[in-house]
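Let me begin by presenting the structure, written as structure tokens, before commenting on it.
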Number of protein chains: 2
Amino acid sequence: MSKNLEKKSLKIQLAQINFVVGDIQGNFEKIIKEYEVANLQNCDLVVFSEMAICGYPCEDLWLKEHFIKKCQEKILEIATKTKDKNCAILFGAPIYETEKNKKVLRNSAILIENGEVKNVINKKTLPSYGVFDENRYFRPSAYISNIEFRNFDVVILICEDLWDERNLFLLGEQVFDFIISINASPFEKNKNQQRSIIAQKYSQTLKKPLIYVNQIGGQDSLVFDGASFVLDNQGSTALQMANFIEDSAQISIDKKSKIEIISHHQKTFGFVDDNIEKNYQASVLGLRDYVRKNNFHKIILGMSGGIDSALVATIAVDALGSENVELYALPTKFNAQSSLDDAKLCAKNLQVALKIIEIEEIFQTNLKILKTHETISSLAQENLQSRIRGNILMAISNSKNALLMSTGNKSEMACGYATLYGDMNGAFNPIKDFYKTEIYQLANFRNQNLCKISDFKNINLIPQNIIDKAPSAELRFDQKDSDSLPDYNELDKILYALIEEQKSIDETINLGFEAEVVKKVAKLVSVSEYKRKQAVLGVKISQLSFDKDRRYPITNKFIF
Amino acid sequence: MSKNLEKKSLKIQLAQINFVVGDIQGNFEKIIKEYEVANLQNCDLVVFSEMAICGYPCEDLWLKEHFIKKCQEKILEIATKTKDKNCAILFGAPIYETEKNKKVLRNSAILIENGEVKNVINKKTLPSYGVFDENRYFRPSAYISNIEFRNFDVVILICEDLWDERNLFLLGEQVFDFIISINASPFEKNKNQQRSIIAQKYSQTLKKPLIYVNQIGGQDSLVFDGASFVLDNQGSTALQMANFIEDSAQISIDKKSKIEIISHHQKTFGFVDDNIEKNYQASVLGLRDYVRKNNFHKIILGMSGGIDSALVATIAVDALGSENVELYALPTKFNAQSSLDDAKLCAKNLQVALKIIEIEEIFQTNLKILKTHETISSLAQENLQSRIRGNILMAISNSKNALLMSTGNKSEMACGYATLYGDMNGAFNPIKDFYKTEIYQLANFRNQNLCKISDFKNINLIPQNIIDKAPSAELRFDQKDSDSLPDYNELDKILYALIEEQKSIDETINLGFEAEVVKKVAKLVSVSEYKRKQAVLGVKISQLSFDKDRRYPITNKFIF
């Protein structure tokens, strides 16, 4: 090792991998595969993301002792693979330690070199906000750690450690060569910019390079976008890796902080920078990974001829290919022929057959039998149609072992403008976190552009008439969403103020909206909490989605 | 105040109240009403539970600035009510403070005396396990606080502070007269005993009396059981208040730690000590408060003639009275006449009419239309029947503005032996956290005993045939649960090991169960996570219910 002690530069591979929660063996194999490439190519170190061995977030799996032990066994197996090899490995894992005679769990980074676990570095700042619950599982470290590695002194930060500026202050008093930050940082709007800003603050303040490695892939409602990067000691981007796809790159870094890019696998694919495009890709990746990681292949959905289901069908084809998507129209007498024509044309563009199942007879049979016993309100009749569709689609889903997609947008989910056990049925909803006005943006975007992570190479998929016509649930004659909801341009702004900005009713009215409208919307959002509690998961896009990052009581007398 | 400085004893009222989350005005009124009684009766202090002003847990309401400000305004309004009065008030509330130039939220106890906020004591130990997420909202205090109050030195603990034995150690070094512990401690099996054990440890070790005040009432899946108490300086119970009902008591405590009971409102009602009885009352209270606090009055449910729906109907009548419960039987050709007879008899015992709606024609119409387009599997046909029932019940629920109850037990919820969008439909499920074997215990208990918190004064409500016959979903001819599941006696023990005890498959097999059976059950539990994610709330009874205290990923390759 005397060679290493005099080392003037390090060759480091950044591995941006799609790990799977709970798949310890599979994740192990992915780590070893990357490791072998890095070792063959004479790297000093290959760096993986936070919790690489078990995936992130494992939630209450982390509370199982035998789960943690399985992870630890695999860590030792990784160590055996590095015996007598040049390359070392740094990756994230859960580790038991003893603190004041008590067994505690750490969120750790493990450095393995030449057959041995050389360092265990523990996360100092545990997030317990938004989608994060790390205080439920881990004990924090009292300090930031650095490691001696082949003549270099390297600070290791684990995800939230980077976001806690007290740590930047502490590092100002330390001597070191560069920073490695390993992450499981989920996608949301503008998250990229935020990551850049905070990482630049570190490298500019400390005048040191920073290597940032993130995982990619969908995990229930979260999508990890990757977008790993390297900053030089001025805070300039020396390397920007791809987002929404696995990627790897090799760099060299010397004692004078000089960085060179040796290779970059997805350099041609590149980094998607446009905000709408990022949102679209997040939806595609979130849906694709939800289906595949849960061992399904096919999905089905109901096509109404409206924009929401047309967009979901498009995302579905981009995620899984036309051959794995089945589309159904389930009209009653309230559905216009033009809606059916729109749905047919959209399906044709997506190269999927649209199957048509008339449900009017089922609806009438239900009504006949119900009416001999009870008086059924008009609202109940509207819901009944939606629920008959839900039943038919679930019968097909069960029979074909195909996942049903739900197609409600965020404006609808917020206002409860959706039928529980009806159109809310489904295993996943890729557009759940898009307001209605964003649905149009995405449709227009995809009509004009290809999806980079899709094999489906056509544009103009959603017929213009679907985009242009007034939205309607078509559960009674001539129904329009605007009969019972404000115009979506106004509604979405009110919802954004109430939900994303956590404003009160008065504060929202003060933005210039009509008091009665704001009060009505706030009431709708409040009283539909029970629907969201039973809603299907969807891809988190916003800073405040309706899944893990907004936790509300149903029983609650405080309306905003 | 010179009188107070020489005081030899304090007269203290313990107020065990049913507060409502988000109902700041309503909670304020309850506090003032109790205060006025205490003041009239010349008390020195009236003590309320944790977060009395806003209810507990408020979840993400606590993240809203204007919500906290509304609470703080009400605290000042409470203060004005104490001006020139003898009695002081101690109660829980969320409070903003400044720490290192940053605004932080505290979980606090507020002492108000003679028109002023005299002390703000902050919670030191914040729970982030089980159903608790306090690190998401609050910053902990660095120390345990005591207050000077009328010649007494009183330590104030806020809920989890008591459970953290480091605090017991710290108190060993302090001089004080007695402890007041304010709580929002939810019910679970054996929680009472655990509370007694830890409180006794404090009073015996420190040789000081301890006053423990808890709230009562249902809040979504949680039930707070009250059961407030006072221990003397030997750890003996000087006062035990009622559980599952509002209660108040007045005691005196002197400088020599002598405690006298002056009055106790629910002394006759008493404290329910039997474990099965406690579980039953928790279900009744949880259901009653869910319905009433959400501004509903009536509930409906489907009666199959099986034990689960019979027990839910009984709990429903105990919770809300026969006049607020409607029962429906929705048979197909697969339902035995004897099942219908059992359901009728049970309904009659409960003094509720059973309405019968035959759904065979709807089922056949669905099948006819589906079969012209698709091949429908036998499982899909079984689910379809359940979902048709779900639709009919929801149409009635929507029309009557009556909440639908779901009736699946914990064994079924665990194994996914329930139909999503079918029998899982509903607003609430009072038996969700009871294993099937416990369902029988509860049925037998209620057949032999009255429910203390119910006005329905009959026993023998559930016909013996319902208890004796083999369980069946009746979705095909001669179906029995035991066709596809192990015997419930065995199944429940396996589930308990896997879920409550977090054992691995191997550890569970080592308890003496057949390997193939354990593997099958573990697989069923794992693959039905998606159903539980969309399931309705139910009353938490066990240490590990399926609502807030078990948080699992759906996408997960680790099967126990």
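Ordered as shown in the structure tokens, chains take letters A, B, and onward, while each chain numbers its residues from 1 and ligands are numbered from 1 in the order shown.
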Those in segment 284-421 of chain B with strand (DSSP E or B) from DSSP, as a VMD selection string: chain B and resid 299 to 302 325 to 329 354 to 356 403 to 405
May I have the residues from that selection written out with N, CA, C and O atoms, as a PDB file, in the first residue's frame?
ATOM      1  N   ILE B 299     -75.462   5.258  10.385  1.00  0.00           N
ATOM      2  CA  ILE B 299     -74.547   4.387   9.659  1.00  0.00           C
ATOM      3  C   ILE B 299     -75.312   3.209   9.074  1.00  0.00           C
ATOM      4  O   ILE B 299     -76.400   2.864   9.540  1.00  0.00           O
ATOM      5  N   ILE B 300     -74.754   2.619   8.040  1.00  0.00           N
ATOM      6  CA  ILE B 300     -75.346   1.431   7.428  1.00  0.00           C
ATOM      7  C   ILE B 300     -74.266   0.356   7.305  1.00  0.00           C
ATOM      8  O   ILE B 300     -73.073   0.662   7.313  1.00  0.00           O
ATOM      9  N   LEU B 301     -74.715  -0.882   7.226  1.00  0.00           N
ATOM     10  CA  LEU B 301     -73.754  -1.934   6.911  1.00  0.00           C
ATOM     11  C   LEU B 301     -74.448  -3.144   6.312  1.00  0.00           C
ATOM     12  O   LEU B 301     -75.652  -3.342   6.484  1.00  0.00           O
ATOM     13  N   GLY B 302     -73.664  -3.924   5.586  1.00  0.00           N
ATOM     14  CA  GLY B 302     -74.163  -5.155   4.993  1.00  0.00           C
ATOM     15  C   GLY B 302     -74.017  -6.293   5.995  1.00  0.00           C
ATOM     16  O   GLY B 302     -72.955  -6.459   6.598  1.00  0.00           O
ATOM     17  N   VAL B 325     -78.883   2.957  13.055  1.00  0.00           N
ATOM     18  CA  VAL B 325     -78.194   1.890  12.327  1.00  0.00           C
ATOM     19  C   VAL B 325     -79.163   1.266  11.332  1.00  0.00           C
ATOM     20  O   VAL B 325     -80.313   0.982  11.678  1.00  0.00           O
ATOM     21  N   GLU B 326     -78.706   1.093  10.090  1.00  0.00           N
ATOM     22  CA  GLU B 326     -79.531   0.373   9.106  1.00  0.00           C
ATOM     23  C   GLU B 326     -78.741  -0.812   8.582  1.00  0.00           C
ATOM     24  O   GLU B 326     -77.566  -0.693   8.265  1.00  0.00           O
ATOM     25  N   LEU B 327     -79.442  -1.954   8.501  1.00  0.00           N
ATOM     26  CA  LEU B 327     -78.767  -3.202   8.111  1.00  0.00           C
ATOM     27  C   LEU B 327     -79.340  -3.721   6.793  1.00  0.00           C
ATOM     28  O   LEU B 327     -80.557  -3.685   6.590  1.00  0.00           O
ATOM     29  N   TYR B 328     -78.457  -4.193   5.935  1.00  0.00           N
ATOM     30  CA  TYR B 328     -78.859  -4.695   4.619  1.00  0.00           C
ATOM     31  C   TYR B 328     -78.263  -6.070   4.377  1.00  0.00           C
ATOM     32  O   TYR B 328     -77.083  -6.290   4.645  1.00  0.00           O
ATOM     33  N   ALA B 329     -79.084  -6.968   3.850  1.00  0.00           N
ATOM     34  CA  ALA B 329     -78.556  -8.233   3.348  1.00  0.00           C
ATOM     35  C   ALA B 329     -78.639  -8.175   1.825  1.00  0.00           C
ATOM     36  O   ALA B 329     -79.645  -7.703   1.276  1.00  0.00           O
ATOM     37  N   LEU B 354     -83.941  -5.550   9.049  1.00  0.00           N
ATOM     38  CA  LEU B 354     -82.962  -5.972   8.045  1.00  0.00           C
ATOM     39  C   LEU B 354     -83.612  -5.856   6.677  1.00  0.00           C
ATOM     40  O   LEU B 354     -84.628  -6.505   6.406  1.00  0.00           O
ATOM     41  N   LYS B 355     -83.048  -5.002   5.838  1.00  0.00           N
ATOM     42  CA  LYS B 355     -83.596  -4.878   4.476  1.00  0.00           C
ATOM     43  C   LYS B 355     -82.855  -5.849   3.560  1.00  0.00           C
ATOM     44  O   LYS B 355     -81.634  -5.952   3.629  1.00  0.00           O
ATOM     45  N   ILE B 356     -83.608  -6.513   2.700  1.00  0.00           N
ATOM     46  CA  ILE B 356     -82.998  -7.519   1.827  1.00  0.00           C
ATOM     47  C   ILE B 356     -83.066  -7.059   0.370  1.00  0.00           C
ATOM     48  O   ILE B 356     -84.142  -6.752  -0.150  1.00  0.00           O
ATOM     49  N   LEU B 403     -72.997   6.865   6.963  1.00  0.00           N
ATOM     50  CA  LEU B 403     -71.677   6.275   6.728  1.00  0.00           C
ATOM     51  C   LEU B 403     -71.777   4.752   6.616  1.00  0.00           C
ATOM     52  O   LEU B 403     -72.440   4.106   7.432  1.00  0.00           O
ATOM     53  N   LEU B 404     -71.091   4.210   5.619  1.00  0.00           N
ATOM     54  CA  LEU B 404     -71.019   2.754   5.467  1.00  0.00           C
ATOM     55  C   LEU B 404     -69.895   2.202   6.349  1.00  0.00           C
ATOM     56  O   LEU B 404     -68.789   2.740   6.365  1.00  0.00           O
ATOM     57  N   MET B 405     -70.204   1.138   7.085  1.00  0.00           N
ATOM     58  CA  MET B 405     -69.175   0.475   7.887  1.00  0.00           C
ATOM     59  C   MET B 405     -68.561  -0.672   7.107  1.00  0.00           C
ATOM     60  O   MET B 405     -69.262  -1.429   6.426  1.00  0.00           O
TER      61      MET B 405
END
Give me the chain B side of the contact with chain A, cut-off 7 Å, one line per residue showing its nearest atom pair and distance in Å at one decimal, counting only C-alpha atoms, sorted by chain and residue number, as CSV.
residue,atom,partner,partner_atom,distance
B:Val21,CA,A:Asn556,CA,5.1
B:Gly22,CA,A:Phe558,CA,4.5
B:Asp23,CA,A:Lys557,CA,5.0
B:Cys58,CA,A:Pro553,CA,6.7
B:Glu59,CA,A:Tyr552,CA,5.7
B:Asp60,CA,A:Arg551,CA,5.5
B:Lys64,CA,A:Gln502,CA,6.1
B:His66,CA,A:Ser504,CA,6.6
B:Ser128,CA,A:Arg136,CA,5.0
B:Tyr129,CA,A:Arg136,CA,5.3
B:Asn135,CA,A:Ser128,CA,6.3
B:Arg136,CA,A:Ser128,CA,5.0
B:Gln219,CA,A:Thr555,CA,6.3
B:Asp220,CA,A:Thr555,CA,6.0
B:Tyr290,CA,A:Thr555,CA,6.9
B:Lys293,CA,A:Thr555,CA,6.4
B:Asn294,CA,A:Thr555,CA,5.8
B:Ile362,CA,A:Thr365,CA,6.0
B:Thr365,CA,A:Ile362,CA,6.0
B:Asn366,CA,A:Ile362,CA,6.1
B:Ile376,CA,A:Ser399,CA,5.3
B:Ser377,CA,A:Ser399,CA,5.0
B:Ala380,CA,A:Ala395,CA,5.1
B:Leu384,CA,A:Ala395,CA,6.4
B:Arg387,CA,A:Asn391,CA,6.4
B:Asn391,CA,A:Arg387,CA,6.4
B:Ala395,CA,A:Ala380,CA,5.1
B:Ile396,CA,A:Ile376,CA,6.8
B:Asn398,CA,A:Ala380,CA,5.4
B:Ser399,CA,A:Ser377,CA,5.0
B:Tyr421,CA,A:Tyr421,CA,5.1
B:Gln502,CA,A:Lys64,CA,6.1
B:Ser504,CA,A:His66,CA,6.5
B:Gln534,CA,A:Gln534,CA,4.3
B:Ala535,CA,A:Gln534,CA,6.0
B:Val536,CA,A:Gln534,CA,6.4
B:Arg550,CA,A:Asp60,CA,6.7
B:Arg551,CA,A:Asp60,CA,5.5
B:Tyr552,CA,A:Asp60,CA,5.6
B:Pro553,CA,A:Glu59,CA,6.5
B:Ile554,CA,A:Asp220,CA,6.6
B:Thr555,CA,A:Asn294,CA,5.8
B:Asn556,CA,A:Val21,CA,5.1
B:Lys557,CA,A:Gly22,CA,4.7
B:Phe558,CA,A:Gly22,CA,4.4
Residues near Glu29 of chain B, cut-off 12 Å, only C-alpha atoms, skip fewer than 4 positions along chain, as number ranges by chain: B: 17-20, 23-25, 33-36, 52-54, 74-75, 77-78, 81
Nearest to Gln72 of chain B by atom-to-atom distance, counting only C-alpha atoms, from B:Gln448, B:Ser339, B:Ser108, B:Asn101: B:Ser108
Distance query Asp455 of chain B at most 10 Å, only C-alpha atoms, self and fewer than 2 positions along chain excluded, as a count of residues only: 12
Sel. of helix (DSSP H, G or I) residues, segment 285-314 of chain B, as a list in words: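 Helix (DSSP H, G or I) members of segment 285-314 of chain B, listed: Leu285, Gly286, Leu287, Arg288, Asp289, Tyr290, Val291, Arg292, Lys293, Ile307, Asp308, Ser309, Ala310, Leu311, Val312, Ala313 and Thr314 of chain B.
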Point-to-point distance in Å for atom CA of Asp308 of chain B and atom CA of Lys480 of chain B: 14.6 Å
Close residues, Ser482 of chain B itself excluded, 9 Å, only C-alpha atoms, min 3 positions apart in chain, as a PyMOL selection string: chain B and resi 470-472+479+485-488
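A straight line drawn from atom CA of Thr82 of chain A to atom CA of Lys103 of chain A is 28.5 Å long.
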Long-range neighbours of Leu231 of chain A as a PyMOL selection string, 12 Å cut-off, only C-alpha atoms, 3 positions minimum in chain: chain A and resi 178-181+195-204+206-213+228+234-241+251+253+257-261
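Here atom CA of Phe334 of chain A stands at a distance of 9.5 Å from atom CA of Ala473 of chain A.
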